[in-house]
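Enquirer: File name coords-v7.cif; file contents mmCIF, C-alpha atoms; full text below.
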```cif
data_data
#
loop_
_atom_site.label_atom_id
_atom_site.label_comp_id
_atom_site.auth_asym_id
_atom_site.auth_seq_id
_atom_site.Cartn_x
_atom_site.Cartn_y
_atom_site.Cartn_z
CA MET A 6 0.00 0.00 0.00
CA TRP A 7 2.78 2.39 0.99
CA ALA A 8 4.70 1.54 -2.23
CA LEU A 9 1.57 2.28 -4.26
CA PHE A 10 1.13 5.57 -2.43
CA LEU A 11 4.76 6.43 -3.20
CA LEU A 12 4.21 5.61 -6.87
CA ILE A 13 1.10 7.76 -7.06
CA GLY A 14 3.00 10.47 -5.19
CA ALA A 15 5.90 10.29 -7.67
CA ALA A 16 3.52 10.50 -10.62
CA ALA A 17 1.80 13.49 -9.06
CA VAL A 18 5.15 15.16 -8.42
CA SER A 19 6.18 14.53 -12.02
CA ALA A 20 2.89 15.91 -13.33
CA HIS A 21 3.23 18.83 -10.95
CA LEU A 22 6.77 19.52 -12.16
CA GLN A 23 5.54 19.64 -15.73
CA ASP A 24 2.57 21.84 -14.73
CA LEU A 25 4.82 24.18 -12.83
CA THR A 26 7.11 24.41 -15.76
CA PHE A 27 5.10 24.70 -18.95
CA ASP A 28 1.53 25.79 -18.29
CA GLY A 29 0.81 28.98 -20.22
CA GLN A 30 4.26 29.03 -21.82
CA LYS A 31 4.23 30.17 -25.43
CA VAL A 32 6.41 29.43 -28.42
CA PHE A 33 6.78 32.40 -30.77
CA ARG A 34 8.05 32.57 -34.33
CA VAL A 35 9.54 35.89 -35.39
CA THR A 36 11.24 36.94 -38.61
CA PRO A 37 13.53 39.91 -37.98
CA GLN A 38 13.91 41.96 -41.14
CA ASN A 39 17.05 43.92 -40.28
CA ASP A 40 19.89 44.29 -37.78
CA GLU A 41 17.78 46.53 -35.59
CA GLN A 42 15.15 43.82 -35.15
CA VAL A 43 17.87 41.22 -34.54
CA GLU A 44 19.09 43.53 -31.77
CA ILE A 45 15.58 43.53 -30.22
CA ILE A 46 15.69 39.71 -30.04
CA ASN A 47 19.17 39.92 -28.51
CA SER A 48 18.05 42.32 -25.78
CA LEU A 49 15.00 40.14 -25.12
CA ALA A 50 17.30 37.15 -24.57
CA ASN A 51 19.56 39.23 -22.31
CA ASN A 52 16.69 40.44 -20.14
CA MET A 53 14.79 37.22 -19.57
CA GLN A 54 15.04 33.46 -19.91
CA VAL A 55 14.43 32.64 -23.55
CA ASP A 56 14.72 29.07 -24.84
CA PHE A 57 15.69 29.15 -28.51
CA TRP A 58 14.23 26.27 -30.51
CA GLN A 59 15.48 27.39 -33.89
CA PRO A 60 18.24 28.44 -34.31
CA ASP A 61 19.88 26.92 -31.22
CA SER A 62 21.02 30.22 -29.74
CA VAL A 63 20.48 33.95 -30.00
CA SER A 64 24.02 34.44 -31.33
CA LEU A 65 22.94 32.68 -34.55
CA VAL A 66 19.98 34.96 -35.27
CA ARG A 67 20.28 36.89 -38.57
CA PRO A 68 17.93 39.15 -40.55
CA LYS A 69 15.24 37.32 -42.61
CA MET A 70 15.70 34.13 -40.55
CA GLU A 71 12.70 32.39 -38.96
CA VAL A 72 13.37 32.32 -35.23
CA ASP A 73 11.37 30.10 -32.85
CA PHE A 74 11.67 30.59 -29.09
CA ARG A 75 9.87 29.67 -25.89
CA VAL A 76 9.17 32.07 -23.02
CA GLU A 77 7.93 31.66 -19.46
CA ALA A 78 4.17 32.04 -18.97
CA HIS A 79 4.43 35.21 -16.85
CA LYS A 80 6.56 36.90 -19.52
CA SER A 81 4.57 35.92 -22.60
CA PHE A 82 2.27 38.97 -22.68
CA GLU A 83 5.20 41.29 -22.14
CA VAL A 84 7.03 39.63 -25.04
CA GLU A 85 3.99 39.86 -27.28
CA ASP A 86 3.58 43.57 -26.50
CA LEU A 87 7.24 44.18 -27.27
CA LEU A 88 6.97 42.34 -30.61
CA LYS A 89 3.85 44.30 -31.57
CA GLU A 90 5.52 47.56 -30.63
CA SER A 91 8.65 46.79 -32.64
CA GLY A 92 6.57 46.05 -35.73
CA MET A 93 8.34 42.70 -36.10
CA GLU A 94 6.57 39.93 -37.98
CA TYR A 95 5.60 37.28 -35.46
CA ARG A 96 3.12 34.54 -34.71
CA VAL A 97 2.39 32.26 -31.80
CA LEU A 98 3.29 28.70 -32.84
CA ILE A 99 2.24 27.10 -29.56
CA ASP A 100 -0.18 28.97 -27.33
CA ASN A 101 0.13 26.72 -24.28
CA LEU A 102 3.11 24.40 -24.21
CA GLN A 103 1.69 22.20 -21.46
CA ALA A 104 -1.42 21.50 -23.54
CA ALA A 105 0.83 20.65 -26.51
CA LEU A 106 2.90 18.32 -24.30
CA ASP A 107 -0.23 16.54 -23.06
CA ALA A 108 -1.51 16.25 -26.63
CA GLN A 109 1.78 14.66 -27.69
CA PHE A 110 0.72 11.34 -26.21
CA ASP A 111 -2.06 10.74 -28.72
CA SER A 112 -0.96 7.30 -29.88
CA LYS A 113 -3.49 4.47 -29.97
CA ALA A 114 -0.68 2.31 -28.58
CA ARG A 115 -0.79 3.50 -24.97
CA THR A 116 0.62 0.41 -23.35
CA ASN A 117 3.25 -0.16 -20.69
CA THR A 118 5.26 -2.19 -23.18
CA HIS A 119 7.48 -1.03 -26.01
CA SER A 120 5.75 0.30 -29.09
CA TYR A 121 7.16 1.69 -32.34
CA GLU A 122 4.30 4.18 -32.59
CA LYS A 123 4.74 5.87 -29.24
CA TYR A 124 7.57 7.54 -27.36
CA ASN A 125 9.34 5.07 -25.10
CA ASP A 126 11.25 6.01 -21.97
CA TRP A 127 14.86 4.92 -21.58
CA GLU A 128 14.14 1.80 -19.50
CA THR A 129 11.77 0.59 -22.21
CA ILE A 130 14.28 1.32 -24.97
CA ALA A 131 17.10 -0.42 -23.07
CA ALA A 132 14.93 -3.53 -22.58
CA TRP A 133 13.95 -3.39 -26.27
CA THR A 134 17.62 -3.45 -27.36
CA ALA A 135 18.04 -6.74 -25.48
CA ASP A 136 14.76 -8.18 -26.81
CA ILE A 137 15.31 -7.35 -30.47
CA ALA A 138 18.79 -8.90 -30.35
CA ALA A 139 17.47 -12.02 -28.57
CA GLN A 140 14.59 -12.42 -31.04
CA ASN A 141 16.75 -11.96 -34.15
CA PRO A 142 20.12 -13.52 -33.31
CA ASP A 143 21.07 -14.03 -36.96
CA LEU A 144 20.56 -10.32 -37.76
CA VAL A 145 21.04 -8.27 -34.58
CA SER A 146 23.63 -8.21 -31.83
CA ARG A 147 23.99 -5.81 -28.93
CA SER A 148 27.13 -4.41 -27.34
CA VAL A 149 28.04 -1.64 -24.90
CA ILE A 150 30.35 1.08 -26.26
CA GLY A 151 30.71 3.09 -23.07
CA GLU A 152 28.74 4.56 -20.24
CA THR A 153 27.17 7.94 -19.66
CA TYR A 154 28.14 10.53 -17.05
CA GLU A 155 25.47 9.12 -14.72
CA GLY A 156 26.68 5.55 -15.32
CA ARG A 157 24.13 4.22 -17.80
CA PRO A 158 25.39 1.71 -20.38
CA MET A 159 25.41 2.98 -23.98
CA TYR A 160 23.90 0.15 -26.00
CA LEU A 161 24.81 -0.25 -29.66
CA LEU A 162 22.95 -2.55 -32.04
CA LYS A 163 24.73 -4.13 -34.97
CA VAL A 164 22.23 -5.04 -37.67
CA GLY A 165 23.24 -7.22 -40.61
CA LYS A 166 23.82 -10.80 -41.78
CA SER A 167 27.23 -12.00 -40.63
CA GLY A 168 29.80 -12.22 -43.41
CA PRO A 169 33.49 -11.59 -44.07
CA ASN A 170 34.99 -8.12 -44.65
CA LYS A 171 31.73 -6.23 -44.44
CA LYS A 172 31.66 -2.46 -44.65
CA ALA A 173 29.33 -0.57 -42.31
CA ILE A 174 27.11 2.44 -41.83
CA PHE A 175 26.88 4.13 -38.44
CA MET A 176 23.63 5.78 -37.37
CA ASP A 177 22.89 7.56 -34.10
CA CYS A 178 19.81 9.16 -32.57
CA GLY A 179 19.05 11.23 -29.48
CA PHE A 180 21.98 13.68 -29.38
CA HIS A 181 19.70 16.40 -28.02
CA ALA A 182 17.52 15.13 -25.21
CA ARG A 183 14.25 16.86 -26.12
CA GLU A 184 14.21 15.68 -29.75
CA TRP A 185 12.09 12.61 -28.98
CA ILE A 186 11.24 11.77 -32.59
CA SER A 187 14.93 11.02 -33.13
CA PRO A 188 15.28 7.89 -30.93
CA ALA A 189 11.85 6.81 -32.22
CA PHE A 190 13.38 6.68 -35.71
CA CYS A 191 16.37 4.54 -34.69
CA GLN A 192 13.99 2.01 -33.15
CA TRP A 193 11.75 2.09 -36.22
CA PHE A 194 14.67 1.54 -38.58
CA VAL A 195 15.84 -1.57 -36.70
CA LYS A 196 12.26 -2.92 -36.68
CA GLU A 197 11.92 -2.34 -40.42
CA ALA A 198 15.26 -4.00 -41.10
CA VAL A 199 14.41 -7.21 -39.24
CA GLU A 200 10.76 -7.35 -40.37
CA THR A 201 11.42 -6.82 -44.07
CA TYR A 202 14.66 -8.80 -44.38
CA GLY A 203 14.00 -11.55 -46.94
CA LYS A 204 10.89 -9.73 -48.24
CA ASP A 205 12.15 -6.29 -49.31
CA THR A 206 14.91 -6.65 -51.90
CA VAL A 207 16.69 -3.40 -50.98
CA ILE A 208 16.80 -4.16 -47.25
CA THR A 209 17.82 -7.77 -47.91
CA THR A 210 20.70 -6.69 -50.18
CA LEU A 211 21.77 -4.00 -47.71
CA LEU A 212 21.83 -6.34 -44.70
CA ASN A 213 23.60 -9.07 -46.67
CA SER A 214 26.29 -6.65 -47.85
CA LEU A 215 26.61 -4.07 -45.06
CA ASP A 216 26.37 -3.82 -41.29
CA PHE A 217 24.41 -1.02 -39.66
CA TYR A 218 25.64 0.16 -36.29
CA VAL A 219 22.67 1.82 -34.58
CA LEU A 220 23.07 3.86 -31.39
CA PRO A 221 19.42 4.42 -30.34
CA VAL A 222 20.16 7.22 -27.83
CA VAL A 223 23.47 9.09 -27.51
CA ASN A 224 22.50 11.47 -24.69
CA ILE A 225 20.77 8.96 -22.41
CA ASP A 226 21.06 10.98 -19.18
CA GLY A 227 19.52 14.01 -20.85
CA TYR A 228 16.77 11.87 -22.37
CA VAL A 229 15.92 10.39 -18.95
CA TYR A 230 15.81 13.93 -17.54
CA THR A 231 13.26 14.98 -20.20
CA TRP A 232 10.98 12.21 -18.93
CA THR A 233 11.41 12.97 -15.22
CA ASN A 234 12.18 16.66 -14.70
CA ASN A 235 12.23 18.96 -17.69
CA ARG A 236 10.78 17.96 -21.05
CA MET A 237 12.67 20.81 -22.75
CA TRP A 238 16.17 19.77 -21.60
CA ARG A 239 18.73 19.62 -24.44
CA LYS A 240 22.26 18.99 -23.11
CA THR A 241 24.03 16.19 -21.27
CA ARG A 242 23.81 16.05 -17.45
CA SER A 243 27.51 16.39 -16.53
CA LYS A 244 28.66 18.82 -13.86
CA ASN A 245 30.75 21.77 -14.99
CA ALA A 246 33.71 22.86 -12.84
CA GLY A 247 33.22 26.31 -11.35
CA SER A 248 29.61 26.59 -12.50
CA ILE A 249 26.23 25.68 -11.07
CA CYS A 250 24.98 25.08 -14.63
CA ILE A 251 24.72 21.49 -15.78
CA GLY A 252 25.51 19.87 -19.09
CA THR A 253 27.26 20.30 -22.42
CA ASP A 254 25.76 20.34 -25.90
CA PRO A 255 27.08 17.00 -27.20
CA ASN A 256 26.78 18.21 -30.79
CA ARG A 257 29.22 21.05 -30.12
CA ASN A 258 31.68 18.77 -28.35
CA PHE A 259 33.57 17.20 -31.28
CA ASN A 260 36.98 18.25 -32.53
CA ALA A 261 35.79 19.94 -35.71
CA GLY A 262 36.51 23.67 -35.45
CA TRP A 263 35.67 23.12 -31.78
CA CYS A 264 34.11 26.13 -30.04
CA THR A 265 34.96 28.59 -32.81
CA VAL A 266 31.52 29.53 -34.22
CA GLY A 267 27.90 28.85 -33.28
CA ALA A 268 28.93 27.36 -29.94
CA SER A 269 29.26 28.94 -26.52
CA LYS A 270 32.09 28.92 -23.98
CA TYR A 271 29.58 29.50 -21.15
CA PRO A 272 28.35 26.42 -19.26
CA CYS A 273 24.89 27.95 -18.76
CA ASP A 274 24.22 28.23 -22.49
CA ALA A 275 22.31 25.64 -24.52
CA THR A 276 25.16 25.42 -27.03
CA TYR A 277 27.99 25.10 -24.47
CA CYS A 278 30.89 23.36 -26.22
CA GLY A 279 32.28 21.66 -23.10
CA SER A 280 35.64 22.13 -21.39
CA ALA A 281 37.50 20.42 -24.28
CA PRO A 282 36.65 18.36 -27.37
CA GLU A 283 35.16 15.01 -26.29
CA SER A 284 34.96 16.19 -22.67
CA GLU A 285 31.64 14.32 -22.48
CA LYS A 286 31.77 10.58 -21.83
CA GLU A 287 29.04 10.07 -24.42
CA THR A 288 30.78 11.88 -27.28
CA LYS A 289 34.10 10.26 -26.37
CA ALA A 290 32.54 6.77 -26.49
CA LEU A 291 31.00 7.50 -29.88
CA ALA A 292 34.21 9.01 -31.28
CA ASP A 293 36.34 6.14 -29.91
CA PHE A 294 34.07 3.57 -31.55
CA ILE A 295 34.22 5.35 -34.91
CA ARG A 296 38.02 5.73 -34.68
CA GLU A 297 38.35 2.00 -33.96
CA HIS A 298 36.20 1.13 -36.99
CA LEU A 299 37.46 3.73 -39.48
CA SER A 300 38.50 1.11 -41.98
CA THR A 301 34.98 -0.34 -42.21
CA ILE A 302 32.56 2.57 -41.59
CA LYS A 303 31.76 4.20 -44.94
CA ALA A 304 28.77 6.36 -44.03
CA TYR A 305 27.38 8.20 -41.03
CA PHE A 306 23.80 9.32 -40.38
CA THR A 307 22.93 11.41 -37.33
CA ILE A 308 19.23 12.00 -36.66
CA HIS A 309 17.97 15.23 -35.10
CA SER A 310 14.80 17.32 -35.12
CA TYR A 311 13.18 19.62 -36.15
CA SER A 312 13.01 21.62 -39.44
CA GLN A 313 13.01 19.05 -42.27
CA LEU A 314 16.57 19.33 -43.46
CA LEU A 315 19.13 16.97 -44.93
CA LEU A 316 22.54 18.45 -44.22
CA PHE A 317 26.10 17.47 -45.00
CA PRO A 318 29.48 19.09 -44.13
CA TYR A 319 30.55 21.64 -43.40
CA SER A 320 28.88 23.44 -40.53
CA TYR A 321 32.00 24.83 -38.85
CA THR A 322 33.21 26.62 -41.97
CA SER A 323 31.62 28.10 -45.09
CA LYS A 324 34.21 26.20 -47.11
CA LEU A 325 32.58 23.50 -49.23
CA PRO A 326 33.74 19.90 -48.74
CA SER A 327 35.82 18.37 -51.52
CA ASP A 328 32.96 15.92 -52.18
CA TYR A 329 30.38 18.70 -52.40
CA LYS A 330 28.98 17.79 -55.84
CA GLU A 331 28.45 14.14 -54.98
CA LEU A 332 27.03 14.80 -51.50
CA ASN A 333 24.68 17.46 -52.86
CA SER A 334 23.35 15.18 -55.57
CA ILE A 335 22.82 12.35 -53.05
CA ALA A 336 20.98 14.74 -50.70
CA HIS A 337 18.83 15.98 -53.59
CA ALA A 338 17.84 12.44 -54.62
CA ALA A 339 17.30 11.30 -51.01
CA SER A 340 15.03 14.31 -50.37
CA GLU A 341 12.97 13.34 -53.42
CA GLN A 342 12.68 9.78 -52.11
CA LEU A 343 11.55 11.11 -48.73
CA ALA A 344 8.94 13.41 -50.33
CA SER A 345 7.56 10.61 -52.51
CA LEU A 346 5.47 9.17 -49.68
CA TYR A 347 3.68 12.08 -47.98
CA ASN A 348 5.02 15.01 -49.98
CA THR A 349 7.10 16.18 -47.00
CA LYS A 350 9.50 18.83 -48.29
CA TYR A 351 13.10 18.85 -47.10
CA LYS A 352 15.75 21.49 -47.73
CA TYR A 353 19.22 20.11 -48.30
CA GLY A 354 22.79 21.37 -48.53
CA PRO A 355 25.94 22.01 -46.47
CA GLY A 356 25.09 22.96 -42.87
CA ALA A 357 26.76 26.38 -42.80
CA GLU A 358 25.10 27.50 -46.01
CA THR A 359 21.70 25.88 -45.43
CA ILE A 360 21.14 26.96 -41.83
CA TYR A 361 24.06 28.56 -39.97
CA LEU A 362 27.67 28.15 -38.89
CA ALA A 363 28.05 25.82 -35.93
CA ALA A 364 31.29 24.19 -34.83
CA GLY A 365 31.93 20.90 -33.04
CA GLY A 366 29.27 18.77 -34.75
CA SER A 367 29.60 15.01 -35.13
CA ASP A 368 28.92 15.01 -38.90
CA ASP A 369 31.81 17.41 -39.65
CA TRP A 370 34.16 15.49 -37.36
CA VAL A 371 33.24 12.17 -38.98
CA TYR A 372 33.75 13.63 -42.47
CA ASP A 373 37.17 14.94 -41.46
CA GLN A 374 38.06 11.42 -40.29
CA GLY A 375 37.69 10.33 -43.92
CA ILE A 376 34.12 8.99 -43.85
CA LYS A 377 32.83 10.59 -47.02
CA TYR A 378 29.09 10.00 -46.76
CA SER A 379 28.20 11.99 -43.63
CA PHE A 380 24.64 13.30 -43.26
CA THR A 381 22.50 15.01 -40.63
CA PHE A 382 18.74 14.58 -40.79
CA GLU A 383 16.50 17.15 -39.11
CA LEU A 384 13.15 15.34 -38.99
CA ARG A 385 9.63 16.75 -38.88
CA ASP A 386 8.20 19.23 -38.54
CA THR A 387 8.82 22.85 -39.53
CA GLY A 388 7.57 24.35 -36.27
CA ARG A 389 3.85 23.70 -35.85
CA TYR A 390 4.77 21.24 -33.07
CA GLY A 391 8.55 21.68 -32.96
CA PHE A 392 9.99 19.40 -30.28
CA VAL A 393 6.56 18.16 -29.23
CA LEU A 394 5.62 16.21 -32.36
CA PRO A 395 2.52 14.11 -31.55
CA GLU A 396 2.89 10.34 -31.46
CA SER A 397 0.37 9.98 -34.28
CA LEU A 398 3.08 11.45 -36.54
CA ILE A 399 5.81 8.96 -35.55
CA LYS A 400 4.81 6.38 -38.15
CA PRO A 401 4.62 8.68 -41.20
CA THR A 402 7.81 10.49 -40.13
CA CYS A 403 9.71 7.22 -39.76
CA GLU A 404 8.32 5.69 -42.96
CA GLU A 405 9.43 8.61 -45.13
CA THR A 406 12.80 8.95 -43.40
CA SER A 407 13.46 5.23 -43.97
CA LEU A 408 13.10 5.80 -47.72
CA ALA A 409 15.85 8.43 -47.66
CA VAL A 410 18.11 6.36 -45.40
CA LYS A 411 17.67 3.27 -47.61
CA TYR A 412 18.38 5.34 -50.71
CA ILE A 413 21.66 6.72 -49.30
CA ALA A 414 22.70 3.33 -47.90
CA ASN A 415 22.12 1.71 -51.28
CA TYR A 416 24.12 4.48 -52.98
CA VAL A 417 26.97 3.91 -50.51
CA LEU A 418 26.91 0.17 -51.25
CA GLU A 419 27.21 0.86 -54.99
CA HIS A 420 30.00 3.41 -54.46
CA LEU A 421 32.21 1.78 -51.84
CA TYR A 422 35.64 3.34 -51.55
#
```
In structure tokens, what does this structure look like?
Expert:
Amino acid sequence: MWALFLLIGAAAVSAHLQDLTFDGQKVFRVTPQNDEQVEIINSLANNMQVDFWQPDSVSLVRPKMEVDFRVEAHKSFEVEDLLKESGMEYRVLIDNLQAALDAQFDSKARTNTHSYEKYNDWETIAAWTADIAAQNPDLVSRSVIGETYEGRPMYLLKVGKSGPNKKAIFMDCGFHAREWISPAFCQWFVKEAVETYGKDTVITTLLNSLDFYVLPVVNIDGYVYTWTNNRMWRKTRSKNAGSICIGTDPNRNFNAGWCTVGASKYPCDATYCGSAPESEKETKALADFIREHLSTIKAYFTIHSYSQLLLFPYSYTSKLPSDYKELNSIAHAASEQLASLYNTKYKYGPGAETIYLAAGGSDDWVYDQGIKYSFTFELRDTGRYGFVLPESLIKPTCEETSLAVKYIANYVLEHLY
């Protein structure tokens, strides 16, 4: 009885935490037209807590750019008045974030067990990695490539038929904790691989000829924290020396123009680059694994959300990669494949040119290690739901993304180097 009471109490506390945090919070989209309006957004961010959804930080805001940000409930009217006064184009994307968060769980599959059409917490995903490997021993194996700051094992799935001298593709999900659709895709991809092997000719050829390394969640501690404390958490959960602020942005923590542009040196910022490249146990584990398998890994896919983009290097410099023409044509064709199912439109191109300069990203680092086919997916949507994509959209999002991933993987197989 007491245990039950504790459980109910914990659930109430969790619900209360979320209530406390997000009720009445708004997400605005503004499009500053000139430097003066960019300055207004800057001063807004300096004077109150503003959570930038897109771009990742106020330092990246430029004229004519769509900027999405979240503000505390008690500040939302003040912000709206300021925007009206400034004459800046704006609209409210999400009127009440808590209502949007509650509406996120709209899947028909509300069970306590794992489901591919709902968001699963970390315990459920961890158990699933063991189950899928146990149920498909000829296609899937599980290993641990490291542990997180808080001591959780980082599970990696290897998907493919065993064979000699196989080349591989590495795919990771869940770099940023609040991007829940990302881990959902890694799970979906593994499901599709094992379910359609022997039936779908492309998947069968791919799994016979290549291995897929799938890391379902990179930033596990952060992901857990989004389920228990703060749904909008982005970074890792490591402590920072000399600061009360927690966490590093794992996708600013790689040794690719580290901390030069589009990243912050301040531990309290969402884009904090960390105390050194690979200062985070999670990024170090990922980088170590890739370094150890450089001779076999021929492609890298990292899955993020949101904004419907297919990006390739570089993000830390405006310089185009030497393989620009080939990567651009692959991204173009993959975007067409993706759009063929539900007409979802993706923009594609090098990161710096397509969105903004940002240093320390995994895709740039991987490319500089000599892995030519390095791509970042930013999944649905373009801001209507942002980071709170409803579960009813998991299936269509994953189905269309699979088409693009299969297309690129097949291209890689035909152009091994």
Enquirer: Got a sec: who's within 12 Å of Pro158 of chain A, counting only C-alpha atoms, leaving out chain neighbours fewer than 5 positions off, as a VMD selection string?
Expert: chain A and resid 127 to 128 131 to 132 134 147 to 153 220 to 226 286 to 287 290
Enquirer: Taking all atoms listed in the file into account, which of A:Gly356, A:Gly227, A:Pro68, A:Gly179 comes nearest Leu316 of chain A?
Expert: A:Gly356
Enquirer: Tell me, as a ChimeraX atom specification, which residues lie within 8 Å of Leu408 of chain A, counting all atoms listed in the file; anything in the same chain fewer than 3 positions away does not count.
Expert: /A:339,342-343,404-405,411-412
Enquirer: Can you turn the PyMOL selection byres ((chain A and resi 266-280) around 6) into a concrete residue list for this file, as a VMD selection string?
Expert: chain A and resid 250 253 to 254 257 to 258 264 to 265 281 362 to 364
Enquirer: Rank A:Ala173, A:Ala104, A:Val229, A:Ile360 by their smallest atom-to-atom distance to Ile295 of chain A, using only C-alpha atoms, and report the top residue only.
Expert: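 Counting only C-alpha atoms, the residue closest to Ile295 of chain A is A:Ala173.
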